[in-house]
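Peer 1: Okay, so here is upload.txt, and as you'll see once you scroll down, it has compact mmCIF, C-alpha atoms.
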```txt
# COMPACT_ATOMS: atom_id res chain seq x y z
CA MET A 1 -51.81 -9.48 -71.72
CA GLN A 2 -48.61 -11.52 -71.88
CA MET A 3 -48.47 -15.25 -71.34
CA ILE A 4 -46.21 -16.72 -68.69
CA THR A 5 -43.44 -18.49 -70.58
CA THR A 6 -40.64 -18.98 -68.02
CA THR A 7 -40.34 -21.10 -64.90
CA PRO A 8 -39.43 -18.14 -62.61
CA GLU A 9 -42.56 -16.26 -63.75
CA LEU A 10 -44.70 -19.32 -63.10
CA ALA A 11 -43.13 -19.90 -59.70
CA ALA A 12 -43.83 -16.29 -58.68
CA LEU A 13 -47.47 -16.51 -59.75
CA CYS A 14 -48.03 -19.83 -57.98
CA GLU A 15 -46.39 -18.53 -54.82
CA THR A 16 -48.85 -15.64 -54.78
CA LEU A 17 -51.82 -17.88 -55.56
CA ALA A 18 -50.88 -20.29 -52.76
CA LYS A 19 -51.51 -17.52 -50.25
CA GLY A 20 -55.18 -17.37 -51.15
CA ASP A 21 -58.01 -19.59 -49.94
CA TYR A 22 -58.72 -20.82 -53.47
CA VAL A 23 -57.48 -20.75 -57.04
CA ALA A 24 -59.68 -21.04 -60.12
CA VAL A 25 -58.14 -23.39 -62.71
CA ASP A 26 -58.83 -24.21 -66.34
CA THR A 27 -56.84 -25.87 -69.10
CA GLU A 28 -56.93 -25.88 -72.88
CA PHE A 29 -55.76 -29.02 -74.61
CA LEU A 30 -56.01 -31.02 -77.82
CA ARG A 31 -56.57 -34.74 -78.10
CA GLU A 32 -58.47 -35.27 -81.35
CA GLN A 33 -55.40 -36.76 -83.04
CA THR A 34 -53.68 -38.31 -80.00
CA PHE A 35 -54.34 -40.71 -77.15
CA TRP A 36 -52.62 -38.53 -74.57
CA PRO A 37 -53.89 -34.93 -74.37
CA LEU A 38 -51.56 -32.14 -75.50
CA LEU A 39 -51.65 -29.47 -72.81
CA CYS A 40 -51.69 -26.07 -74.56
CA LEU A 41 -52.68 -23.53 -71.88
CA VAL A 42 -53.18 -23.32 -68.13
CA GLN A 43 -55.31 -20.49 -66.78
CA LEU A 44 -55.10 -19.56 -63.10
CA ALA A 45 -56.87 -16.94 -60.99
CA GLY A 46 -56.94 -16.37 -57.25
CA PRO A 47 -58.44 -13.54 -55.22
CA ASP A 48 -55.42 -11.31 -55.86
CA ALA A 49 -53.60 -12.66 -58.93
CA GLU A 50 -54.24 -14.23 -62.31
CA GLY A 51 -52.36 -15.40 -65.36
CA VAL A 52 -52.23 -17.60 -68.45
CA VAL A 53 -49.38 -20.12 -68.62
CA ASP A 54 -47.87 -21.45 -71.86
CA PRO A 55 -46.93 -25.13 -71.29
CA LEU A 56 -45.52 -25.24 -74.84
CA ALA A 57 -42.92 -22.54 -74.14
CA PRO A 58 -39.37 -23.94 -74.52
CA GLY A 59 -37.77 -24.70 -71.17
CA LEU A 60 -40.87 -24.03 -69.08
CA ASP A 61 -41.12 -26.42 -66.10
CA LEU A 62 -44.66 -26.87 -64.76
CA ALA A 63 -43.41 -28.10 -61.37
CA PRO A 64 -44.60 -24.92 -59.54
CA PHE A 65 -48.08 -25.43 -60.96
CA TYR A 66 -48.17 -29.07 -59.89
CA LYS A 67 -46.97 -28.08 -56.43
CA LEU A 68 -49.87 -25.63 -56.20
CA MET A 69 -52.30 -28.36 -57.27
CA ALA A 70 -51.07 -30.56 -54.41
CA ASP A 71 -51.27 -27.76 -51.80
CA SER A 72 -54.03 -28.89 -49.42
CA SER A 73 -54.45 -25.38 -47.99
CA THR A 74 -55.77 -23.96 -51.27
CA VAL A 75 -59.06 -25.08 -52.81
CA LYS A 76 -58.79 -25.79 -56.54
CA VAL A 77 -61.91 -24.58 -58.34
CA PHE A 78 -62.81 -26.03 -61.76
CA HIS A 79 -65.90 -26.07 -63.92
CA ALA A 80 -66.67 -29.52 -65.38
CA ALA A 81 -63.48 -30.67 -63.71
CA ARG A 82 -62.97 -34.22 -64.88
CA GLN A 83 -60.86 -33.61 -67.99
CA ASP A 84 -58.80 -30.88 -66.31
CA ILE A 85 -58.04 -33.10 -63.33
CA GLU A 86 -57.32 -36.00 -65.66
CA ILE A 87 -54.67 -34.08 -67.57
CA VAL A 88 -52.98 -32.84 -64.38
CA PHE A 89 -52.96 -36.35 -62.96
CA PHE A 90 -51.59 -37.94 -66.13
CA LYS A 91 -48.90 -35.32 -66.64
CA SER A 92 -47.64 -35.23 -63.07
CA ALA A 93 -49.17 -38.07 -61.03
CA VAL A 94 -50.43 -35.26 -58.77
CA MET A 95 -54.09 -35.37 -57.76
CA PRO A 96 -55.41 -31.84 -57.19
CA THR A 97 -56.90 -31.56 -53.71
CA PRO A 98 -59.10 -30.20 -52.26
CA VAL A 99 -61.35 -29.62 -55.27
CA VAL A 100 -64.65 -27.90 -56.04
CA ASP A 101 -66.38 -28.50 -59.37
CA THR A 102 -68.77 -25.59 -59.91
CA GLN A 103 -70.85 -27.56 -62.41
CA ILE A 104 -71.63 -30.16 -59.74
CA ALA A 105 -71.99 -27.48 -57.07
CA ALA A 106 -74.54 -25.77 -59.32
CA MET A 107 -76.52 -29.04 -59.56
CA VAL A 108 -76.56 -29.30 -55.78
CA CYS A 109 -77.78 -25.68 -55.63
CA GLY A 110 -80.58 -26.21 -58.14
CA PHE A 111 -79.17 -24.68 -61.34
CA GLY A 112 -80.16 -27.72 -63.40
CA ASP A 113 -78.28 -30.65 -64.93
CA SER A 114 -74.75 -30.04 -66.23
CA ILE A 115 -75.10 -26.28 -66.69
CA SER A 116 -72.48 -24.74 -68.98
CA TYR A 117 -69.89 -22.26 -67.71
CA VAL A 118 -71.29 -19.49 -69.91
CA ASN A 119 -74.83 -19.98 -68.60
CA LEU A 120 -73.69 -20.27 -65.00
CA VAL A 121 -71.72 -17.03 -65.26
CA LYS A 122 -74.80 -15.34 -66.71
CA LYS A 123 -77.07 -16.62 -63.94
CA THR A 124 -74.71 -15.78 -61.07
CA THR A 125 -73.12 -12.54 -62.28
CA GLY A 126 -75.35 -11.27 -65.09
CA VAL A 127 -72.36 -11.12 -67.46
CA ASP A 128 -72.63 -12.35 -71.07
CA LEU A 129 -69.27 -13.88 -71.97
CA ASP A 130 -67.81 -13.45 -75.45
CA LYS A 131 -67.80 -16.89 -77.12
CA THR A 132 -66.23 -15.95 -80.47
CA SER A 133 -62.85 -17.54 -79.64
CA ARG A 134 -64.36 -20.83 -78.47
CA PHE A 135 -63.01 -22.87 -81.39
CA THR A 136 -59.43 -21.62 -81.21
CA ASP A 137 -56.60 -24.03 -81.95
CA TRP A 138 -54.81 -23.47 -78.66
CA SER A 139 -51.62 -25.15 -79.88
CA ARG A 140 -50.93 -22.37 -82.40
CA ARG A 141 -48.57 -19.55 -81.59
CA PRO A 142 -48.79 -16.65 -81.30
CA LEU A 143 -52.22 -16.30 -79.70
CA SER A 144 -53.92 -12.95 -80.12
CA PRO A 145 -54.75 -10.67 -77.17
CA LYS A 146 -58.44 -11.43 -77.80
CA GLN A 147 -57.81 -15.17 -77.56
CA LEU A 148 -55.83 -14.76 -74.36
CA ASP A 149 -58.55 -12.57 -72.84
CA TYR A 150 -61.11 -15.23 -73.74
CA ALA A 151 -58.98 -17.93 -72.11
CA LEU A 152 -58.42 -15.89 -68.96
CA ALA A 153 -62.16 -15.22 -68.62
CA ASP A 154 -62.59 -18.94 -68.02
CA VAL A 155 -61.06 -18.43 -64.58
CA THR A 156 -61.60 -14.77 -63.70
CA TYR A 157 -65.38 -15.15 -63.70
CA LEU A 158 -65.05 -18.58 -62.16
CA ARG A 159 -63.97 -16.76 -59.00
CA ASN A 160 -67.33 -14.98 -58.85
CA VAL A 161 -69.22 -18.18 -59.60
CA TYR A 162 -67.38 -20.06 -56.85
CA GLU A 163 -67.97 -17.38 -54.23
CA HIS A 164 -71.67 -17.21 -55.13
CA LEU A 165 -72.13 -20.99 -54.93
CA LYS A 166 -70.05 -21.23 -51.76
CA GLN A 167 -72.44 -18.82 -50.03
CA MET A 168 -75.45 -20.81 -51.25
CA LEU A 169 -73.98 -24.09 -50.05
CA GLU A 170 -73.14 -22.68 -46.62
CA LYS A 171 -76.56 -21.05 -46.28
CA THR A 172 -78.39 -24.28 -47.11
CA GLY A 173 -76.03 -26.57 -45.21
CA ARG A 174 -75.21 -28.51 -48.37
CA THR A 175 -71.44 -28.19 -48.34
CA PRO A 176 -71.10 -31.81 -47.10
CA TRP A 177 -73.24 -32.96 -50.04
CA LEU A 178 -70.79 -31.42 -52.48
CA GLN A 179 -67.82 -32.89 -50.62
CA GLU A 180 -69.27 -36.37 -51.16
CA GLU A 181 -69.38 -35.74 -54.90
CA MET A 182 -65.80 -34.46 -54.96
CA GLU A 183 -64.50 -37.74 -53.52
CA VAL A 184 -65.22 -39.43 -56.85
CA LEU A 185 -63.38 -36.71 -58.79
CA ILE A 186 -60.19 -37.03 -56.76
CA ASN A 187 -60.18 -40.84 -56.72
CA PRO A 188 -57.31 -42.08 -58.95
CA ALA A 189 -59.50 -45.02 -60.03
CA THR A 190 -61.72 -42.53 -61.87
CA TYR A 191 -58.86 -41.93 -64.32
CA ASP A 192 -57.65 -45.51 -64.67
CA THR A 193 -56.24 -46.28 -68.14
CA SER A 194 -54.99 -49.78 -67.36
CA PRO A 195 -55.40 -51.85 -70.55
CA GLU A 196 -56.84 -54.72 -68.52
CA ASN A 197 -59.79 -52.55 -67.51
CA ALA A 198 -60.35 -50.89 -70.90
CA TRP A 199 -63.36 -53.12 -71.71
CA GLN A 200 -65.30 -51.57 -68.82
CA ARG A 201 -65.64 -48.28 -70.74
CA LEU A 202 -67.36 -50.00 -73.65
CA LYS A 203 -71.12 -49.76 -73.96
CA LEU A 204 -71.43 -52.87 -76.07
CA ARG A 205 -73.30 -56.10 -75.55
CA VAL A 206 -71.83 -59.52 -76.18
CA LYS A 207 -73.72 -62.75 -76.72
CA SER A 208 -71.79 -65.12 -74.49
CA ARG A 209 -69.05 -65.44 -71.91
CA LYS A 210 -66.76 -66.64 -74.70
CA SER A 211 -67.38 -63.38 -76.55
CA LEU A 212 -66.84 -61.42 -73.34
CA ALA A 213 -63.44 -63.06 -72.90
CA VAL A 214 -62.45 -62.07 -76.44
CA LEU A 215 -63.77 -58.54 -75.94
CA ILE A 216 -61.70 -58.08 -72.77
CA GLU A 217 -58.53 -59.19 -74.55
CA LEU A 218 -59.29 -57.08 -77.65
CA ALA A 219 -59.95 -53.93 -75.62
CA ALA A 220 -56.69 -54.41 -73.70
CA TRP A 221 -54.74 -54.94 -76.94
CA ARG A 222 -56.26 -51.82 -78.50
CA GLU A 223 -55.55 -49.75 -75.37
CA ARG A 224 -51.89 -50.77 -75.27
CA LEU A 225 -51.41 -50.07 -78.97
CA ALA A 226 -53.22 -46.71 -78.85
CA GLN A 227 -51.13 -45.62 -75.87
CA SER A 228 -47.84 -46.71 -77.44
CA LEU A 229 -48.62 -45.02 -80.78
CA ASP A 230 -50.27 -42.03 -79.06
CA VAL A 231 -53.33 -42.18 -81.32
CA PRO A 232 -57.06 -42.26 -80.48
CA ARG A 233 -58.49 -45.69 -79.75
CA GLY A 234 -60.75 -45.50 -82.80
CA ARG A 235 -57.71 -45.02 -85.02
CA VAL A 236 -56.55 -48.51 -84.02
CA LEU A 237 -59.97 -50.19 -84.17
CA ARG A 238 -63.48 -48.77 -83.85
CA ASP A 239 -65.78 -49.89 -81.04
CA ASP A 240 -68.23 -51.51 -83.44
CA ALA A 241 -65.39 -53.58 -84.91
CA LEU A 242 -64.40 -54.76 -81.41
CA TYR A 243 -67.99 -55.85 -80.83
CA ASP A 244 -68.19 -57.60 -84.20
CA ILE A 245 -64.96 -59.53 -83.69
CA ALA A 246 -65.90 -60.52 -80.13
CA ASN A 247 -69.26 -61.91 -81.23
CA GLN A 248 -68.10 -63.58 -84.45
CA VAL A 249 -64.82 -64.94 -82.99
CA PRO A 250 -62.97 -65.30 -86.34
CA ALA A 251 -60.33 -68.02 -86.26
CA SER A 252 -58.35 -66.84 -89.29
CA ALA A 253 -57.41 -63.70 -91.16
CA GLU A 254 -59.72 -64.79 -93.96
CA ALA A 255 -62.68 -65.03 -91.58
CA LEU A 256 -61.72 -61.66 -90.14
CA GLY A 257 -61.83 -60.17 -93.62
CA GLN A 258 -65.50 -61.16 -93.96
CA LEU A 259 -66.60 -58.78 -91.20
CA ARG A 260 -68.36 -55.73 -92.57
CA THR A 261 -67.02 -53.46 -89.81
CA LEU A 262 -63.47 -53.81 -91.17
CA SER A 263 -62.11 -52.16 -94.31
CA ASP A 264 -61.24 -54.00 -97.50
CA GLY A 265 -57.76 -55.44 -97.34
CA PHE A 266 -57.62 -55.37 -93.55
CA ALA A 267 -57.24 -59.16 -93.44
CA ARG A 268 -53.85 -58.89 -95.19
CA SER A 269 -52.41 -56.44 -92.65
CA GLN A 270 -50.06 -57.18 -89.77
CA ARG A 271 -52.71 -55.88 -87.40
CA ALA A 272 -55.11 -58.61 -88.57
CA LYS A 273 -52.59 -61.28 -87.55
CA GLU A 274 -52.28 -59.66 -84.13
CA ILE A 275 -56.07 -59.64 -83.72
CA ILE A 276 -56.33 -63.36 -84.49
CA ASP A 277 -53.72 -64.03 -81.79
CA VAL A 278 -55.73 -61.84 -79.39
CA VAL A 279 -58.92 -63.77 -80.21
CA LYS A 280 -57.11 -67.02 -79.45
CA ALA A 281 -55.88 -65.58 -76.14
CA GLY A 282 -59.46 -64.65 -75.23
CA LEU A 283 -60.73 -68.13 -76.04
CA ALA A 284 -57.98 -69.61 -73.86
CA ARG A 285 -58.98 -67.60 -70.79
CA ASP A 286 -60.18 -69.43 -67.71
CA PRO A 287 -63.96 -68.76 -67.51
CA LYS A 288 -63.58 -68.33 -63.74
CA THR A 289 -61.64 -65.09 -64.35
CA LEU A 290 -64.55 -63.51 -66.24
CA PRO A 291 -67.16 -61.17 -64.72
CA GLN A 292 -70.83 -61.95 -64.98
CA ILE A 293 -72.58 -60.62 -68.09
CA GLN A 294 -75.10 -57.96 -67.23
CA ARG A 295 -78.30 -58.73 -69.11
CA ASN A 296 -80.82 -55.93 -69.52
CA GLU A 297 -84.07 -57.80 -69.21
CA ALA A 298 -87.35 -56.03 -69.87
CA LEU A 299 -89.11 -54.78 -66.74
CA SER A 300 -92.33 -56.45 -65.73
CA ALA A 301 -95.56 -54.49 -66.09
CA GLU A 302 -95.59 -53.92 -62.32
CA ALA A 303 -91.97 -52.69 -62.26
CA SER A 304 -92.60 -50.44 -65.26
CA ALA A 305 -95.53 -48.80 -63.49
CA THR A 306 -93.42 -48.39 -60.35
CA LEU A 307 -90.64 -46.82 -62.43
CA GLU A 308 -93.02 -44.20 -63.83
CA LEU A 309 -94.18 -43.27 -60.33
CA LEU A 310 -90.57 -43.03 -59.12
CA LYS A 311 -89.75 -40.64 -61.98
CA VAL A 312 -92.59 -38.35 -60.91
CA LEU A 313 -91.53 -38.54 -57.26
CA LEU A 314 -87.92 -37.74 -58.18
CA LYS A 315 -88.93 -34.63 -60.10
CA ALA A 316 -91.13 -33.52 -57.24
CA ALA A 317 -88.40 -34.06 -54.63
CA ALA A 318 -85.82 -32.27 -56.76
CA ALA A 319 -88.13 -29.30 -57.30
CA GLU A 320 -89.05 -29.12 -53.61
CA HIS A 321 -85.44 -29.08 -52.46
CA GLY A 322 -83.92 -27.12 -55.37
CA VAL A 323 -81.58 -29.86 -56.58
CA ALA A 324 -80.99 -31.17 -60.10
CA PRO A 325 -82.80 -34.53 -60.41
CA ARG A 326 -79.84 -36.32 -62.05
CA ILE A 327 -77.55 -35.72 -59.09
CA ILE A 328 -80.05 -37.58 -56.87
CA ALA A 329 -80.68 -40.53 -59.19
CA ASP A 330 -80.25 -41.37 -62.85
CA SER A 331 -82.39 -43.66 -65.01
CA ASP A 332 -80.36 -46.77 -64.14
CA ASP A 333 -80.76 -46.03 -60.41
CA LEU A 334 -84.52 -45.70 -60.81
CA GLU A 335 -84.76 -49.00 -62.70
CA GLN A 336 -82.84 -50.79 -59.95
CA LEU A 337 -85.01 -49.16 -57.31
CA ALA A 338 -88.16 -50.18 -59.16
CA THR A 339 -87.17 -53.84 -58.87
CA SER A 340 -85.42 -53.92 -55.47
CA ASN A 341 -85.72 -52.25 -52.07
CA HIS A 342 -82.07 -53.00 -51.36
CA ALA A 343 -80.38 -51.75 -54.54
CA GLY A 344 -76.80 -50.64 -54.00
CA ILE A 345 -77.40 -47.16 -55.39
CA LEU A 346 -76.48 -43.71 -54.13
CA ALA A 347 -80.15 -42.71 -54.00
CA LEU A 348 -80.53 -44.97 -50.94
CA GLN A 349 -77.51 -43.49 -49.17
CA GLY A 350 -76.68 -40.30 -47.28
CA TRP A 351 -78.41 -37.05 -48.14
CA ARG A 352 -80.01 -38.56 -51.25
CA ARG A 353 -81.89 -41.05 -49.10
CA THR A 354 -83.16 -38.21 -46.92
CA LEU A 355 -84.37 -36.20 -49.92
CA PHE A 356 -85.72 -39.03 -52.04
CA GLY A 357 -84.76 -42.59 -51.12
CA ASP A 358 -86.89 -43.00 -48.01
CA ALA A 359 -89.90 -41.49 -49.76
CA ALA A 360 -89.35 -43.78 -52.75
CA LEU A 361 -89.41 -46.87 -50.53
CA LYS A 362 -92.56 -45.62 -48.79
CA LEU A 363 -94.18 -45.05 -52.19
CA LYS A 364 -93.36 -48.64 -53.17
CA ARG A 365 -94.87 -49.92 -49.91
CA GLY A 366 -98.08 -47.97 -50.51
CA GLU A 367 -97.43 -45.62 -47.60
CA LEU A 368 -97.20 -42.52 -49.82
CA ALA A 369 -99.40 -41.22 -52.60
CA LEU A 370 -98.78 -38.58 -55.25
CA THR A 371 -101.21 -35.71 -55.64
CA LEU A 372 -101.39 -32.22 -57.12
CA VAL A 373 -101.37 -29.16 -54.87
CA ASN A 374 -101.75 -25.86 -56.72
CA GLY A 375 -100.47 -27.53 -59.86
CA GLU A 376 -97.39 -29.05 -58.18
CA VAL A 377 -96.83 -32.75 -57.49
CA ARG A 378 -96.65 -33.55 -53.80
CA ALA A 379 -96.11 -36.77 -51.89
CA VAL A 380 -98.66 -37.23 -49.12
CA PRO A 381 -99.43 -40.06 -46.68
CA ALA A 382 -101.55 -42.68 -48.38
CA ALA A 383 -105.02 -43.42 -47.06
CA PRO A 384 -105.19 -46.80 -45.29
CA PRO A 385 -106.85 -49.52 -47.36
CA ASP A 386 -110.47 -50.26 -46.63
```
Kindly return the structure encoded in the file as structure tokens.
Peer 2:
Amino acid sequence: MQMITTTPELAALCETLAKGDYVAVDTEFLREQTFWPLLCLVQLAGPDAEGVVDPLAPGLDLAPFYKLMADSSTVKVFHAARQDIEIVFFKSAVMPTPVVDTQIAAMVCGFGDSISYVNLVKKTTGVDLDKTSRFTDWSRRPLSPKQLDYALADVTYLRNVYEHLKQMLEKTGRTPWLQEEMEVLINPATYDTSPENAWQRLKLRVKSRKSLAVLIELAAWRERLAQSLDVPRGRVLRDDALYDIANQVPASAEALGQLRTLSDGFARSQRAKEIIDVVKAGLARDPKTLPQIQRNEALSAEASATLELLKVLLKAAAAEHGVAPRIIADSDDLEQLATSNHAGILALQGWRRTLFGDAALKLKRGELALTLVNGEVRAVPAAPPD
């Protein structure tokens, strides 16, 4: 199989693919050494055409591909779509639409949490995919026929997976459920890389609002520098160092040099001087511009017991309806639900409320009880109190 390396070849393929109802899409990229992903391959397959595109080919213009991604008459099918959509959006400012993510569709159809492409192909088609080329450096040229066949299989079998899941969704009436999930994937805010919002991706705790102000400024500084240098964020400053600086608030390069999360000699670098300026900028922020610090307080004994019951109810509801539990509610959702009947969580909205949320609230009110029926947990009306 030959890769597509010219714009006319790509345009012809995309023109053919645009005539179909859907196109399966996958990308291969590298980003271990860079901030921005290096797009190395694009694999495409529709009902009547397929091909592997070489974005690294000299003179190749990906405009026909981006036009196809924006074509609202053709469904774009991905598996574990987020990174693929992210790279298309960053490279072109085009948001693929409409979209189906078969990993999420599989969760809605009861194939478990975050099933891999290989396992989903096996379960829906019975085919065992060859995984020997999985760790290929896709930036190297030339690629062998075996490597290209491996890459193309990521979309040729995705066609079968999509058609199988589409039938299941239509049969069960769950297509609208999946469409709700896809709205998040095609929301540009999902892929926001604004330096000012970089702190929101951090899973670190700070001790005070002063430290939070410093952390926000540090994360923005690191994001801008990583983007401008095109290096991973951790190459500029590791997350644990951000946390350490934000909590210790060093006022000088010498104080910065005392932090164990920084290397010896760091205090003498130009970057250390920049960090001290960033710390000062954080301390100078108006406290009114800062968000509230989320404090994870321990649940009360009553809430902890409620949480355990909700976990059992969730598993029972998921099993009864053939849906992956995590797509209904995650652990954070359950904790919020254990402490509030009005939590702003998805589990109390739409189809999730029908499957689980209403029953969860009834369980909390004592209107439902959990019992075993033939070895399976069932929710049944609770007996009235004596």
Peer 1: Go through A:Lys146, A:Val42, A:Tyr22, A:Phe65 and flag the residue nearest A:Val99, using all atoms listed in the file for the distances.
Peer 2: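 Going through A:Lys146, A:Val42, A:Tyr22, A:Phe65 one by one, the smallest distance to A:Val99 is for A:Tyr22.
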Peer 1: Just how far from atom CA of A:Leu309 is atom CA of A:Leu372, in Å to one decimal?
Peer 2: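 Result for atom CA of A:Leu372 versus atom CA of A:Leu309: 13.6 Å, one decimal.
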Peer 1: Considering all atoms listed in the file, state which residue in the set A:Phe111, A:Trp351, A:Phe356, A:Tyr162 is at the smallest distance from A:Val77.
Peer 2: A:Tyr162
Peer 1: What gap, in Å, lies between atom CA of A:Glu180 and atom CA of A:Met107?
Peer 2: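 We find that atom CA of A:Glu180 and atom CA of A:Met107 lie 13.3 Å from each other.
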Peer 1: Between atom CA of A:Leu313 and atom CA of A:Asp101, measure the distance and give it in Å to one decimal.
Peer 2: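 Straight-line distance from atom CA of A:Leu313 to atom CA of A:Asp101 works out to 27.2 Å.
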Peer 1: Within 12 Å of A:Gly112, counting all atoms listed in the file, which residues qualify if same-chain residues fewer than 5 places away don't, as a list in words?
Peer 2: Gln103, Ile104, Ala105, Ala106, Met107, Asn119, Leu120, Lys123, Lys315, Ala318, Ala319, Gly322, Val323, Ala324, Pro325, Arg326, Ile327 and Ile328 of chain A
Peer 1: Around all of stretch 192-206 of chain A's listed atoms, make the axis-aligned box with 3 Å on each side and tell me centre and edge lengths in Å to one decimal, as JSON.
Peer 2:
```
{"center_x": -64.1, "center_y": -52.5, "center_z": -70.4, "size_x": 24.3, "size_y": 20.0, "size_z": 17.5}
```
Peer 1: Counting only C-alpha atoms, figure out which residue out of A:Val377, A:Ala18, A:Ala57, A:Val108 gets nearest to A:Arg352.
Peer 2: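 With only C-alpha atoms as the atom set, the closest residue is A:Val108.
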Peer 1: Need the shell around A:Leu290: protein/DNA/RNA residues with any atom at most 8 Å away, counting all atoms listed in the file. Skip same-chain ones fewer than 5 positions apart. Format as a compact mmCIF listing (two decimals) with C-alpha atoms, keeping the file's coordinate frame?
Peer 2:
```txt
# COMPACT_ATOMS: atom_id res chain seq x y z
CA ARG A 209 -69.05 -65.44 -71.91
CA LEU A 212 -66.84 -61.42 -73.34
CA ALA A 213 -63.44 -63.06 -72.90
```
Peer 1: So, with only C-alpha atoms as the atoms that count, which of A:Trp199, A:His79, A:Val100, A:Arg134 lies closest to A:Leu178?
Peer 2: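 For A:Leu178, the nearest of the given residues is A:Val100.
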